[in-house]
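K.L.:
Hey, dropping work_37.cif in here, mmCIF, C-alpha atoms:
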data_start
loop_
_atom_site.label_atom_id
_atom_site.label_comp_id
_atom_site.auth_asym_id
_atom_site.auth_seq_id
_atom_site.Cartn_x
_atom_site.Cartn_y
_atom_site.Cartn_z
CA MET J 1338 115.80 75.63 151.60
CA ALA J 1339 118.46 77.78 149.98
CA THR J 1340 116.34 80.43 148.33
CA ASN J 1341 119.24 82.37 146.80
CA THR J 1342 120.39 79.44 144.73
CA ARG J 1343 121.52 80.64 141.34
CA ILE J 1344 119.95 78.48 138.68
CA ILE J 1345 121.81 79.15 135.46
CA LEU J 1346 120.96 77.69 132.07
CA ILE J 1347 123.93 77.24 129.75
CA CYS J 1348 122.57 77.25 126.21
CA SER J 1349 123.52 78.14 122.64
CA GLY J 1350 120.99 77.04 120.06
CA LYS J 1351 123.65 75.61 117.75
CA GLY J 1352 125.42 72.42 118.78
CA GLY J 1353 129.16 72.09 119.22
CA VAL J 1354 129.91 75.63 120.33
CA GLY J 1355 131.10 74.62 123.80
CA LYS J 1356 128.13 74.49 126.18
CA THR J 1357 129.18 71.29 127.91
CA THR J 1358 132.85 72.29 128.13
CA LEU J 1359 131.83 75.61 129.69
CA THR J 1360 129.46 73.86 132.14
CA ALA J 1361 132.20 71.44 133.26
CA ASN J 1362 134.87 74.12 133.63
CA LEU J 1363 132.58 76.64 135.37
CA GLY J 1364 131.34 73.93 137.72
CA ILE J 1365 134.88 73.03 138.76
CA ALA J 1366 135.99 76.66 138.98
CA LEU J 1367 133.03 77.60 141.19
CA ALA J 1368 133.56 74.55 143.40
CA LYS J 1369 137.21 75.54 143.80
CA GLN J 1370 136.04 78.93 145.04
CA GLY J 1371 134.22 77.14 147.80
CA VAL J 1372 130.60 77.37 146.65
CA SER J 1373 128.57 74.18 146.46
CA THR J 1374 127.69 73.59 142.85
CA ALA J 1375 125.51 71.06 141.05
CA VAL J 1376 125.80 70.49 137.33
CA LEU J 1377 122.72 68.99 135.72
CA ASP J 1378 122.98 67.30 132.36
CA ALA J 1379 119.71 68.28 130.67
CA ASP J 1380 120.89 66.93 127.32
CA PHE J 1381 119.11 63.61 127.73
CA GLY J 1382 119.42 62.69 124.08
CA LEU J 1383 123.18 63.15 123.75
CA ARG J 1384 124.67 63.29 127.23
CA ASN J 1385 128.35 64.13 127.57
CA LEU J 1386 128.81 66.15 130.72
CA ASP J 1387 129.78 62.98 132.63
CA LEU J 1388 132.61 62.33 130.15
CA LEU J 1389 134.03 65.84 130.29
CA LEU J 1390 134.10 65.68 134.08
CA GLY J 1391 135.64 62.20 134.07
CA LEU J 1392 132.71 60.81 136.07
CA GLU J 1393 131.28 58.40 133.49
CA ASN J 1394 132.30 55.26 135.39
CA ARG J 1395 130.78 56.34 138.67
CA ILE J 1396 127.18 56.79 137.58
CA ILE J 1397 124.75 54.47 139.34
CA TYR J 1398 121.45 56.33 139.26
CA THR J 1399 120.36 59.26 137.10
CA ALA J 1400 117.78 62.05 137.05
CA GLN J 1401 115.36 59.47 135.69
CA GLU J 1402 115.39 57.32 138.86
CA VAL J 1403 115.09 60.45 141.00
CA LEU J 1404 111.95 61.45 139.11
CA GLU J 1405 110.52 57.93 139.29
CA GLU J 1406 111.27 58.02 143.01
CA SER J 1407 113.16 54.76 142.82
CA CYS J 1408 116.14 56.45 144.48
CA ARG J 1409 116.89 59.52 146.58
CA LEU J 1410 118.61 62.56 145.07
CA GLU J 1411 121.73 61.88 147.19
CA GLN J 1412 122.08 58.42 145.65
CA ALA J 1413 122.04 59.77 142.11
CA LEU J 1414 124.42 62.69 142.68
CA VAL J 1415 128.01 61.90 141.67
CA LYS J 1416 130.44 63.85 143.80
CA HIS J 1417 133.72 64.91 142.18
CA LYS J 1418 136.62 63.29 144.06
CA GLN J 1419 139.09 66.18 143.82
CA GLU J 1420 136.46 68.91 144.14
CA PRO J 1421 133.86 67.61 146.61
CA ASN J 1422 131.95 70.91 146.31
CA LEU J 1423 130.89 69.78 142.85
CA ALA J 1424 128.26 67.14 142.12
CA LEU J 1425 126.84 65.90 138.83
CA LEU J 1426 123.26 64.82 138.35
CA PRO J 1427 123.56 62.61 135.25
CA ALA J 1428 121.07 62.55 132.41
CA GLY J 1429 118.89 59.46 132.21
CA ASN J 1430 118.02 57.24 129.33
CA PRO J 1431 117.31 59.04 126.01
CA ARG J 1432 113.79 57.54 126.20
CA MET J 1433 113.13 60.09 128.96
CA LEU J 1434 112.61 62.57 126.15
CA ASP J 1435 109.28 60.87 125.37
CA TRP J 1436 107.70 61.69 128.68
CA LEU J 1437 109.72 64.46 130.31
CA LYS J 1438 107.63 67.57 131.00
CA PRO J 1439 108.61 71.06 132.16
CA GLU J 1440 107.20 70.18 135.61
CA ASP J 1441 109.63 67.24 135.88
CA MET J 1442 112.55 69.50 135.13
CA GLN J 1443 111.32 72.04 137.66
CA ARG J 1444 111.04 69.30 140.29
CA ILE J 1445 114.63 68.11 139.76
CA VAL J 1446 115.97 71.67 139.89
CA SER J 1447 114.01 72.57 143.01
CA LEU J 1448 115.39 69.45 144.74
CA LEU J 1449 118.91 70.51 143.76
CA SER J 1450 118.42 74.10 144.85
CA GLU J 1451 117.66 72.90 148.39
CA GLN J 1452 121.27 71.77 148.72
CA PHE J 1453 123.41 73.84 146.39
CA ASP J 1454 124.43 77.48 145.94
CA TYR J 1455 124.69 77.09 142.17
CA VAL J 1456 122.79 74.83 139.78
CA LEU J 1457 124.29 74.87 136.27
CA ILE J 1458 122.02 73.31 133.65
CA ASP J 1459 123.73 71.99 130.53
CA CYS J 1460 121.05 72.62 127.92
CA PRO J 1461 120.59 70.51 124.78
CA ALA J 1462 121.17 72.14 121.39
CA GLY J 1463 118.13 73.26 119.43
CA VAL J 1464 115.03 75.16 120.50
CA GLU J 1465 112.62 72.24 120.80
CA ASP J 1466 111.15 70.44 123.84
CA GLY J 1467 114.49 69.67 125.53
CA PHE J 1468 115.35 73.36 125.44
CA LYS J 1469 111.88 74.44 126.57
CA ASN J 1470 111.92 72.02 129.53
CA ALA J 1471 115.31 73.33 130.63
CA VAL J 1472 114.23 76.98 130.26
CA SER J 1473 111.14 76.39 132.38
CA ALA J 1474 113.35 75.39 135.33
CA SER J 1475 115.93 78.19 134.99
CA LYS J 1476 116.20 81.66 136.49
CA GLU J 1477 119.14 83.12 134.58
CA ALA J 1478 121.07 82.10 131.48
CA ILE J 1479 124.47 82.12 129.84
CA VAL J 1480 124.34 82.05 126.06
CA VAL J 1481 127.47 80.52 124.53
CA THR J 1482 128.38 81.37 120.97
CA ASN J 1483 131.36 81.36 118.61
CA PRO J 1484 132.42 84.25 116.37
CA GLU J 1485 130.83 82.44 113.44
CA ILE J 1486 127.85 83.53 111.44
CA SER J 1487 125.70 80.43 112.06
CA ALA J 1488 126.42 80.27 115.80
CA VAL J 1489 125.56 83.98 116.21
CA ARG J 1490 122.34 83.62 114.28
CA ASP J 1491 121.21 80.67 116.41
CA ALA J 1492 122.24 82.50 119.59
CA ASP J 1493 120.01 85.40 118.53
CA ARG J 1494 117.04 83.07 118.21
CA VAL J 1495 117.72 81.59 121.65
CA ILE J 1496 118.08 85.06 123.22
CA GLY J 1497 114.67 85.99 121.82
CA LEU J 1498 113.13 82.88 123.41
CA LEU J 1499 114.87 83.51 126.75
CA ASN J 1500 113.56 87.09 126.79
CA ALA J 1501 110.06 85.88 126.02
CA ASN J 1502 110.30 83.47 128.98
CA GLY J 1503 111.45 86.17 131.38
CA ILE J 1504 114.91 84.68 132.00
CA LYS J 1505 117.03 87.41 133.61
CA PRO J 1506 119.88 88.18 133.48
CA THR J 1507 120.99 86.62 130.23
CA GLN J 1508 124.71 87.02 129.62
CA LEU J 1509 127.02 86.14 126.77
CA VAL J 1510 130.13 83.97 126.61
CA LEU J 1511 132.04 84.21 123.36
CA ASN J 1512 133.93 80.95 122.91
CA ARG J 1513 136.83 79.93 120.63
CA VAL J 1514 138.10 83.43 119.97
CA ARG J 1515 141.16 83.52 117.70
CA PRO J 1516 143.02 86.81 118.23
CA LYS J 1517 145.12 86.42 115.08
CA MET J 1518 142.10 85.97 112.84
CA ILE J 1519 140.40 88.98 114.44
CA ALA J 1520 143.57 91.03 113.88
CA SER J 1521 143.53 90.17 110.19
CA GLN J 1522 139.78 90.90 110.06
CA GLU J 1523 138.91 87.38 109.04
CA MET J 1524 136.84 86.74 112.16
CA LEU J 1525 133.96 88.66 113.74
CA SER J 1526 135.39 90.71 116.59
CA VAL J 1527 134.17 90.62 120.19
CA GLU J 1528 132.48 94.02 119.64
CA ASP J 1529 130.80 92.81 116.45
CA VAL J 1530 129.15 89.94 118.31
CA THR J 1531 128.15 91.92 121.42
CA ASP J 1532 126.75 94.72 119.23
CA ILE J 1533 124.69 92.34 117.15
CA LEU J 1534 123.35 90.27 120.05
CA ALA J 1535 123.07 93.24 122.45
CA LEU J 1536 123.87 91.15 125.52
CA PRO J 1537 126.26 91.95 128.36
CA LEU J 1538 129.50 90.02 127.89
CA LEU J 1539 130.24 87.69 130.80
CA GLY J 1540 133.47 86.54 129.25
CA LEU J 1541 135.36 85.38 126.23
CA VAL J 1542 137.31 82.17 125.88
CA LEU J 1543 140.40 82.04 123.70
CA GLU J 1544 140.84 79.16 121.27
CA ASP J 1545 143.08 76.65 123.01
CA GLU J 1546 144.28 73.17 122.05
CA GLN J 1547 144.50 72.29 125.72
CA VAL J 1548 140.71 72.05 125.77
CA ILE J 1549 140.90 68.92 123.63
CA VAL J 1550 143.69 67.47 125.78
CA SER J 1551 141.61 68.06 128.90
CA THR J 1552 138.50 66.42 127.45
CA ASN J 1553 140.62 63.42 126.42
CA ARG J 1554 141.58 63.02 130.06
CA GLY J 1555 138.22 63.90 131.59
CA GLU J 1556 139.88 66.61 133.66
CA PRO J 1557 138.49 70.10 133.02
CA LEU J 1558 141.18 72.74 132.54
CA THR J 1559 140.11 74.63 135.64
CA LEU J 1560 140.71 71.54 137.81
CA SER J 1561 144.50 71.79 137.96
CA GLY J 1562 144.45 75.58 138.14
CA GLY J 1563 146.37 75.61 134.87
CA THR J 1564 147.46 78.79 133.16
CA SER J 1565 146.61 77.89 129.57
CA PRO J 1566 144.64 80.65 127.80
CA ALA J 1567 141.26 78.91 128.06
CA ALA J 1568 141.82 77.90 131.69
CA ARG J 1569 142.39 81.55 132.64
CA CYS J 1570 139.27 82.58 130.73
CA TYR J 1571 137.03 79.98 132.42
CA THR J 1572 138.30 80.92 135.87
CA ASN J 1573 137.66 84.60 135.13
CA ILE J 1574 134.08 83.81 134.12
CA ALA J 1575 133.47 81.95 137.39
CA ARG J 1576 134.86 84.87 139.37
CA ARG J 1577 132.68 87.36 137.50
CA LEU J 1578 129.63 85.19 138.26
CA GLN J 1579 130.62 85.52 141.91
CA GLY J 1580 130.49 89.29 141.55
CA GLU J 1581 134.20 90.00 141.24
CA ASP J 1582 135.23 92.76 138.88
CA ILE J 1583 137.72 91.07 136.55
CA PRO J 1584 138.81 93.01 133.46
CA MET J 1585 138.09 91.39 130.10
CA ILE J 1586 141.04 89.92 128.21
CA ASP J 1587 141.88 92.05 125.17
CA PRO J 1588 142.37 89.65 122.24
CA SER J 1589 144.49 92.19 120.36
CA LYS J 1590 147.02 92.07 123.21
CA GLU J 1591 147.34 88.30 123.21
CA GLY J 1592 150.70 87.18 121.86
CA PRO J 1593 151.94 90.50 120.49
CA GLY J 1594 154.75 89.63 118.11
CA ILE J 1595 156.19 91.70 115.30
CA ARG J 1596 153.64 90.17 112.91
CA ASP J 1597 150.73 91.18 115.13
CA LYS J 1598 152.11 94.68 115.45
CA PHE J 1599 152.24 94.90 111.68
CA LYS J 1600 148.68 93.60 111.45
CA ARG J 1601 147.52 96.24 113.91
CA LEU J 1602 149.23 98.92 111.85
CA MET J 1603 147.40 97.60 108.82
CA GLN J 1604 144.01 98.03 110.45
CA THR J 1605 144.61 101.53 111.74
CA LYS J 1606 141.83 103.73 110.46
CA ILE J 1607 143.32 106.51 108.34
CA PHE J 1608 140.13 108.07 106.98
CA MET D 649 139.06 102.74 105.27
CA THR D 650 142.15 101.07 106.68
CA LEU D 651 145.61 100.61 105.23
CA ARG D 652 144.67 97.01 104.56
CA ASP D 653 141.60 98.03 102.57
CA ILE D 654 143.69 100.30 100.35
CA LEU D 655 146.29 97.61 99.84
CA ASN D 656 143.56 95.11 98.99
CA LYS D 657 142.06 97.52 96.48
CA LEU D 658 145.44 98.11 94.86
CA LEU D 659 146.16 94.40 94.67
CA ARG D 660 142.52 93.64 93.76
CA ARG D 661 142.30 91.11 96.53
CA GLN D 662 139.09 90.08 98.23
CA GLU D 663 137.86 92.17 101.12
CA ALA D 664 138.49 90.70 104.59
CA SER D 665 135.66 88.31 105.42
CA ALA D 666 134.69 89.68 108.85
CA ASN D 667 132.93 92.64 107.19
CA THR D 668 130.98 90.34 104.91
CA ALA D 669 129.98 88.18 107.88
CA ARG D 670 128.77 91.22 109.82
CA GLU D 671 126.70 92.56 106.95
CA ARG D 672 125.15 89.18 106.15
CA LEU D 673 124.31 88.61 109.81
CA GLN D 674 122.65 91.98 110.26
CA LEU D 675 120.45 91.36 107.25
CA VAL D 676 119.44 87.82 108.14
CA LEU D 677 118.77 88.74 111.79
CA ALA D 678 116.51 91.64 110.89
CA HIS D 679 114.30 89.14 109.08
CA ASP D 680 114.67 86.34 111.67
CA ARG D 681 113.58 88.66 114.43
CA THR D 682 110.31 89.59 112.75
CA ASP D 683 109.36 86.39 110.97
CA LEU D 684 108.50 88.55 107.96
CA SER D 685 109.25 86.94 104.64
CA PRO D 686 110.57 89.11 101.79
CA ASP D 687 107.24 88.54 99.99
CA LEU D 688 105.23 89.87 102.92
CA LEU D 689 107.60 92.78 103.32
CA ASP D 690 107.14 93.66 99.66
CA GLN D 691 103.36 93.43 99.94
CA MET D 692 103.46 95.68 102.99
CA ARG D 693 105.71 98.11 101.12
CA ARG D 694 103.23 98.35 98.28
CA GLU D 695 100.28 98.87 100.59
CA ILE D 696 102.07 101.54 102.61
CA LEU D 697 102.98 103.34 99.39
CA GLU D 698 99.35 103.17 98.22
CA VAL D 699 98.10 104.77 101.42
CA VAL D 700 100.70 107.50 101.36
CA ALA D 701 100.04 108.06 97.66
CA LYS D 702 96.48 109.09 98.52
CA TYR D 703 97.79 112.19 100.24
CA VAL D 704 100.99 113.10 98.55
CA GLU D 705 102.44 112.18 95.24
CA ILE D 706 105.34 109.90 95.77
CA ASP D 707 107.75 108.12 93.56
CA ILE D 708 106.44 104.56 93.76
CA GLU D 709 109.55 103.09 92.20
CA GLU D 710 111.90 104.88 94.57
CA GLY D 711 109.97 104.14 97.76
CA ALA D 712 111.70 101.66 100.04
CA VAL D 713 110.51 99.98 103.21
CA SER D 714 113.07 98.08 105.21
CA LEU D 715 113.73 96.59 108.60
CA GLU D 716 116.59 98.00 110.60
CA THR D 717 117.85 96.55 113.83
CA GLU D 718 119.79 98.14 116.61
CA ASP D 719 120.13 96.92 120.19
CA ARG D 720 117.45 94.26 119.78
CA MET D 721 115.00 96.95 118.67
CA THR D 722 113.71 96.38 115.20
CA ALA D 723 112.24 99.37 113.38
CA LEU D 724 110.30 99.48 110.19
CA VAL D 725 111.81 102.33 108.20
CA ALA D 726 110.03 103.76 105.19
CA ASN D 727 111.92 106.00 102.84
CA LEU D 728 109.34 107.73 100.62
CA PRO D 729 110.51 110.43 98.22
CA ILE D 730 107.71 112.99 97.64
CA ARG D 731 107.25 114.57 94.23
CA ARG D 732 104.77 117.31 95.06
CA ASP D 733 101.92 117.84 97.44
CA THR D 734 98.24 117.54 96.41
CA SER D 735 97.85 121.29 95.91
CA GLY D 736 100.13 121.00 92.93
CA ALA D 737 103.19 122.73 94.30
CA ILE D 738 106.26 120.83 93.34
CA LYS D 739 108.09 119.55 96.38
CA THR D 740 111.77 118.93 96.46
CA LYS D 741 112.52 115.28 95.93
CA LYS D 742 114.42 115.14 99.17
CA PRO D 743 113.62 111.81 100.78
CA ILE D 744 111.98 111.89 104.19
CA GLU D 745 112.74 109.27 106.73
CA GLN D 746 109.74 108.24 108.70
CA PRO D 747 109.75 105.50 111.30
CA ILE D 748 106.21 104.21 111.05
CA GLU D 749 106.19 101.77 113.88
CA GLU D 750 108.74 100.72 116.41
CA GLN D 751 108.26 97.62 118.40
CA GLU D 752 110.48 95.28 120.31
CA ILE D 753 110.52 91.83 118.85
CA SER D 754 110.63 89.30 121.61
CA SER D 755 110.28 85.95 119.94
#
Please render this file's structure as structure tokens.
P.N.:
Amino acid sequence: MATNTRIILICSGKGGVGKTTLTANLGIALAKQGVSTAVLDADFGLRNLDLLLGLENRIIYTAQEVLEESCRLEQALVKHKQEPNLALLPAGNPRMLDWLKPEDMQRIVSLLSEQFDYVLIDCPAGVEDGFKNAVSASKEAIVVTNPEISAVRDADRVIGLLNANGIKPTQLVLNRVRPKMIASQEMLSVEDVTDILALPLLGLVLEDEQVIVSTNRGEPLTLSGGTSPAARCYTNIARRLQGEDIPMIDPSKEGPGIRDKFKRLMQTKIF
Amino acid sequence: MTLRDILNKLLRRQEASANTARERLQLVLAHDRTDLSPDLLDQMRREILEVVAKYVEIDIEEGAVSLETEDRMTALVANLPIRRDTSGAIKTKKPIEQPIEEQEISS
């Protein structure tokens, strides 16, 4: 049994901030670095991880059948064709929510940790049972948030719950950062969010239209090793998880045109 | 104060919204983290003032009790201006800052 398996919960509180996109991209990026990685869709009510990975047509069994012991774990795992180091354990029927207990979640994760170096758990939004079940099976956590007031507030609530459950370390990923809006002081800055939430920053992800293109295709940005802003950010996050020391992207240095230079002049503190 | 702030003041434009977001967040989080409603906080404020008023004369109207948060530590901060001590000597009305209790909020 691989005892050093890293079991990482990817959660946010608020929905739609980018948990599933981060899970898919991190999974692929880690697999590309040669570590065996399982991604577990714990969002049984509204599953989407299969779609983002482009694996929706290859699902035969799910976590549900594994728990009911009507199939073996190997039969339910969907291996990614281009990145065979990555496997998805799909979420079962939404009716699973009626009977799923923390012990069930722990059983699935312990089965996965026998085979994989990393288990990434895509957590459902909210702080109710689905979240609690997922937390009970996790060792560490990545909290995803956006530089928006509601997302930060919900992230704070989740961080409190993770602390209370002894999840360590808990790190922050700030998603959908728009350098231009930060420059004109119409968006919370990276420092604002890290100060308020008091979490170590694992990475930030720049706003990038390519994310939508990649989800349309079911090919995460990290798959093709692309150089779009978000692809670089996701790959950096995976490398930091692996212990590499990768400097953080400075949003104020992204796309420095004459307008941005003027904006920076405008926010120079003069007294 | 930045160049932009001055320009905004001169043109009477609205302040950039990131500041507003930060201030609103800090306020709402201080309350979220303690589960204390404004009503309860006010009741606590009055009771704290009553206790302190037994020993020193304080300005009940001026006294403020608030929650301040830094680095996930939430502190209850009472700001109680003293008029004079019980022996009758008039004290300066300089406010004293007195953290009454500091505890980490973990839920």
K.L.:
Calculated over all atoms listed in the file, which of the candidates J:Gly1463, J:Gly1562, J:Pro1506, J:Pro1537 has the smallest distance to chain D?
P.N.:
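Comparing J:Gly1463, J:Gly1562, J:Pro1506, J:Pro1537 against chain D, the winner is J:Pro1537.
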K.L.:
Taking the file as I've supplied it (selection: the PyMOL selection byres ((chain J) within 7 of (chain D))), which residues are included? Please answer as a list in words.
P.N.:
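Selected by the PyMOL selection byres ((chain J) within 7 of (chain D)) here: Ile1486, Arg1490, Gly1497, Leu1498, Asn1500, Ala1501, Gln1522, Glu1523, Met1524, Leu1525, Ala1535, Met1603, Gln1604, Thr1605, Lys1606, Ile1607 and Phe1608 of chain J.
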K.L.:
Can you tell me which residues surround stretch 1429-1432 of chain J at a distance of at most 8 Å, considering all atoms listed in the file, apart from same-chain residues fewer than 3 positions away, and format the answer as a list in words?
P.N.:
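Once the adjacent positions are removed, what remains is Phe1381, Gly1382, Leu1383, Thr1399, Ala1400, Gln1401, Glu1402, Asp1435 and Trp1436 of chain J.
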K.L.:
Any chance you could work out the residue set of the PyMOL selection byres ((chain J and resi 1442-1457) around 9) here, as a PDB file with C-alpha atoms, keeping the file's coordinate frame?
P.N.:
ATOM      1  CA  MET J1338     115.800  75.630 151.600  1.00  0.00           C
ATOM      2  CA  ALA J1339     118.460  77.780 149.980  1.00  0.00           C
ATOM      3  CA  THR J1340     116.340  80.430 148.330  1.00  0.00           C
ATOM      4  CA  ASN J1341     119.240  82.370 146.800  1.00  0.00           C
ATOM      5  CA  THR J1342     120.390  79.440 144.730  1.00  0.00           C
ATOM      6  CA  ARG J1343     121.520  80.640 141.340  1.00  0.00           C
ATOM      7  CA  ILE J1344     119.950  78.480 138.680  1.00  0.00           C
ATOM      8  CA  ILE J1345     121.810  79.150 135.460  1.00  0.00           C
ATOM      9  CA  LEU J1346     120.960  77.690 132.070  1.00  0.00           C
ATOM     10  CA  ILE J1347     123.930  77.240 129.750  1.00  0.00           C
ATOM     11  CA  THR J1360     129.460  73.860 132.140  1.00  0.00           C
ATOM     12  CA  LEU J1363     132.580  76.640 135.370  1.00  0.00           C
ATOM     13  CA  GLY J1364     131.340  73.930 137.720  1.00  0.00           C
ATOM     14  CA  LEU J1367     133.030  77.600 141.190  1.00  0.00           C
ATOM     15  CA  VAL J1372     130.600  77.370 146.650  1.00  0.00           C
ATOM     16  CA  SER J1373     128.570  74.180 146.460  1.00  0.00           C
ATOM     17  CA  THR J1374     127.690  73.590 142.850  1.00  0.00           C
ATOM     18  CA  ALA J1375     125.510  71.060 141.050  1.00  0.00           C
ATOM     19  CA  VAL J1376     125.800  70.490 137.330  1.00  0.00           C
ATOM     20  CA  LEU J1377     122.720  68.990 135.720  1.00  0.00           C
ATOM     21  CA  ASP J1378     122.980  67.300 132.360  1.00  0.00           C
ATOM     22  CA  ALA J1379     119.710  68.280 130.670  1.00  0.00           C
ATOM     23  CA  ALA J1400     117.780  62.050 137.050  1.00  0.00           C
ATOM     24  CA  VAL J1403     115.090  60.450 141.000  1.00  0.00           C
ATOM     25  CA  LEU J1404     111.950  61.450 139.110  1.00  0.00           C
ATOM     26  CA  LEU J1410     118.610  62.560 145.070  1.00  0.00           C
ATOM     27  CA  LEU J1426     123.260  64.820 138.350  1.00  0.00           C
ATOM     28  CA  LEU J1437     109.720  64.460 130.310  1.00  0.00           C
ATOM     29  CA  LYS J1438     107.630  67.570 131.000  1.00  0.00           C
ATOM     30  CA  PRO J1439     108.610  71.060 132.160  1.00  0.00           C
ATOM     31  CA  GLU J1440     107.200  70.180 135.610  1.00  0.00           C
ATOM     32  CA  ASP J1441     109.630  67.240 135.880  1.00  0.00           C
ATOM     33  CA  ILE J1458     122.020  73.310 133.650  1.00  0.00           C
ATOM     34  CA  ASP J1459     123.730  71.990 130.530  1.00  0.00           C
ATOM     35  CA  ASN J1470     111.920  72.020 129.530  1.00  0.00           C
ATOM     36  CA  ALA J1471     115.310  73.330 130.630  1.00  0.00           C
ATOM     37  CA  SER J1473     111.140  76.390 132.380  1.00  0.00           C
ATOM     38  CA  ALA J1474     113.350  75.390 135.330  1.00  0.00           C
ATOM     39  CA  SER J1475     115.930  78.190 134.990  1.00  0.00           C
TER      40      SER J1475
END
K.L.:
Work out how far atom CA of D:Glu709 is from atom CA of D:Arg694, in Å to one decimal.
P.N.:
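Taking atom CA of D:Arg694 as the start and atom CA of D:Glu709 as the end point, the length is 10.0 Å.
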K.L.:
Please expand the PyMOL selection byres ((chain J and resi 1565) around 10) into the concrete residues it hits in this file, giving the result as an NGL selection string.
P.N.:
:J and (1543 or 1545-1548 or 1558-1559 or 1562-1564 or 1566-1570)
K.L.:
Hey, can you check how far atom CA of J:Pro1461 sits from atom CA of J:Thr1358?
P.N.:
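Atom CA of J:Thr1358 lies at a distance of 12.8 Å from atom CA of J:Pro1461.
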K.L.:
Would you mind listing what lies within 12 Å of J:Lys1418 as a compact mmCIF listing (two decimals) with C-alpha atoms, in the coordinates of the input, with only C-alpha atoms counted and same-chain residues fewer than 3 positions away left out?
P.N.:
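Final output, around-v1.txt:
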# COMPACT_ATOMS: atom_id res chain seq x y z
CA ILE J 1365 134.88 73.03 138.76
CA ALA J 1368 133.56 74.55 143.40
CA LEU J 1390 134.10 65.68 134.08
CA GLY J 1391 135.64 62.20 134.07
CA LEU J 1392 132.71 60.81 136.07
CA ARG J 1395 130.78 56.34 138.67
CA VAL J 1415 128.01 61.90 141.67
CA PRO J 1421 133.86 67.61 146.61
CA ASN J 1422 131.95 70.91 146.31
CA LEU J 1423 130.89 69.78 142.85
CA ALA J 1424 128.26 67.14 142.12
CA LEU J 1425 126.84 65.90 138.83
CA GLU J 1556 139.88 66.61 133.66
CA LEU J 1560 140.71 71.54 137.81
K.L.:
Neighbours of J:Leu1539 within 7 Å (only C-alpha atoms; same-chain residues fewer than 5 positions away dropped), as number ranges by chain?
P.N.:
J: 1508-1510, 1574
K.L.:
May I ask for the distance between atom CA of D:Arg731 and atom CA of D:Val704, given in Å to one decimal place?
P.N.:
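Separation between atom CA of D:Arg731 and atom CA of D:Val704: 7.7 Å.
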K.L.:
Show me, as a ChimeraX atom specification, the residues that have an atom within 10 Å of J:Val1489 when counting all atoms listed in the file, minus same-chain residues fewer than 3 positions from it.
P.N.:
/J:1349-1351,1481-1486,1492-1495,1511,1525,1530-1531,1533-1534 /D:673,677
K.L.:
Can you pull out the residues contacting D:Ala712? Cut-off 9 Å, using all atoms listed in the file, and skip same-chain residues under 6 positions away; I want them as a ChimeraX atom specification.
P.N.:
/D:693,697,725-728
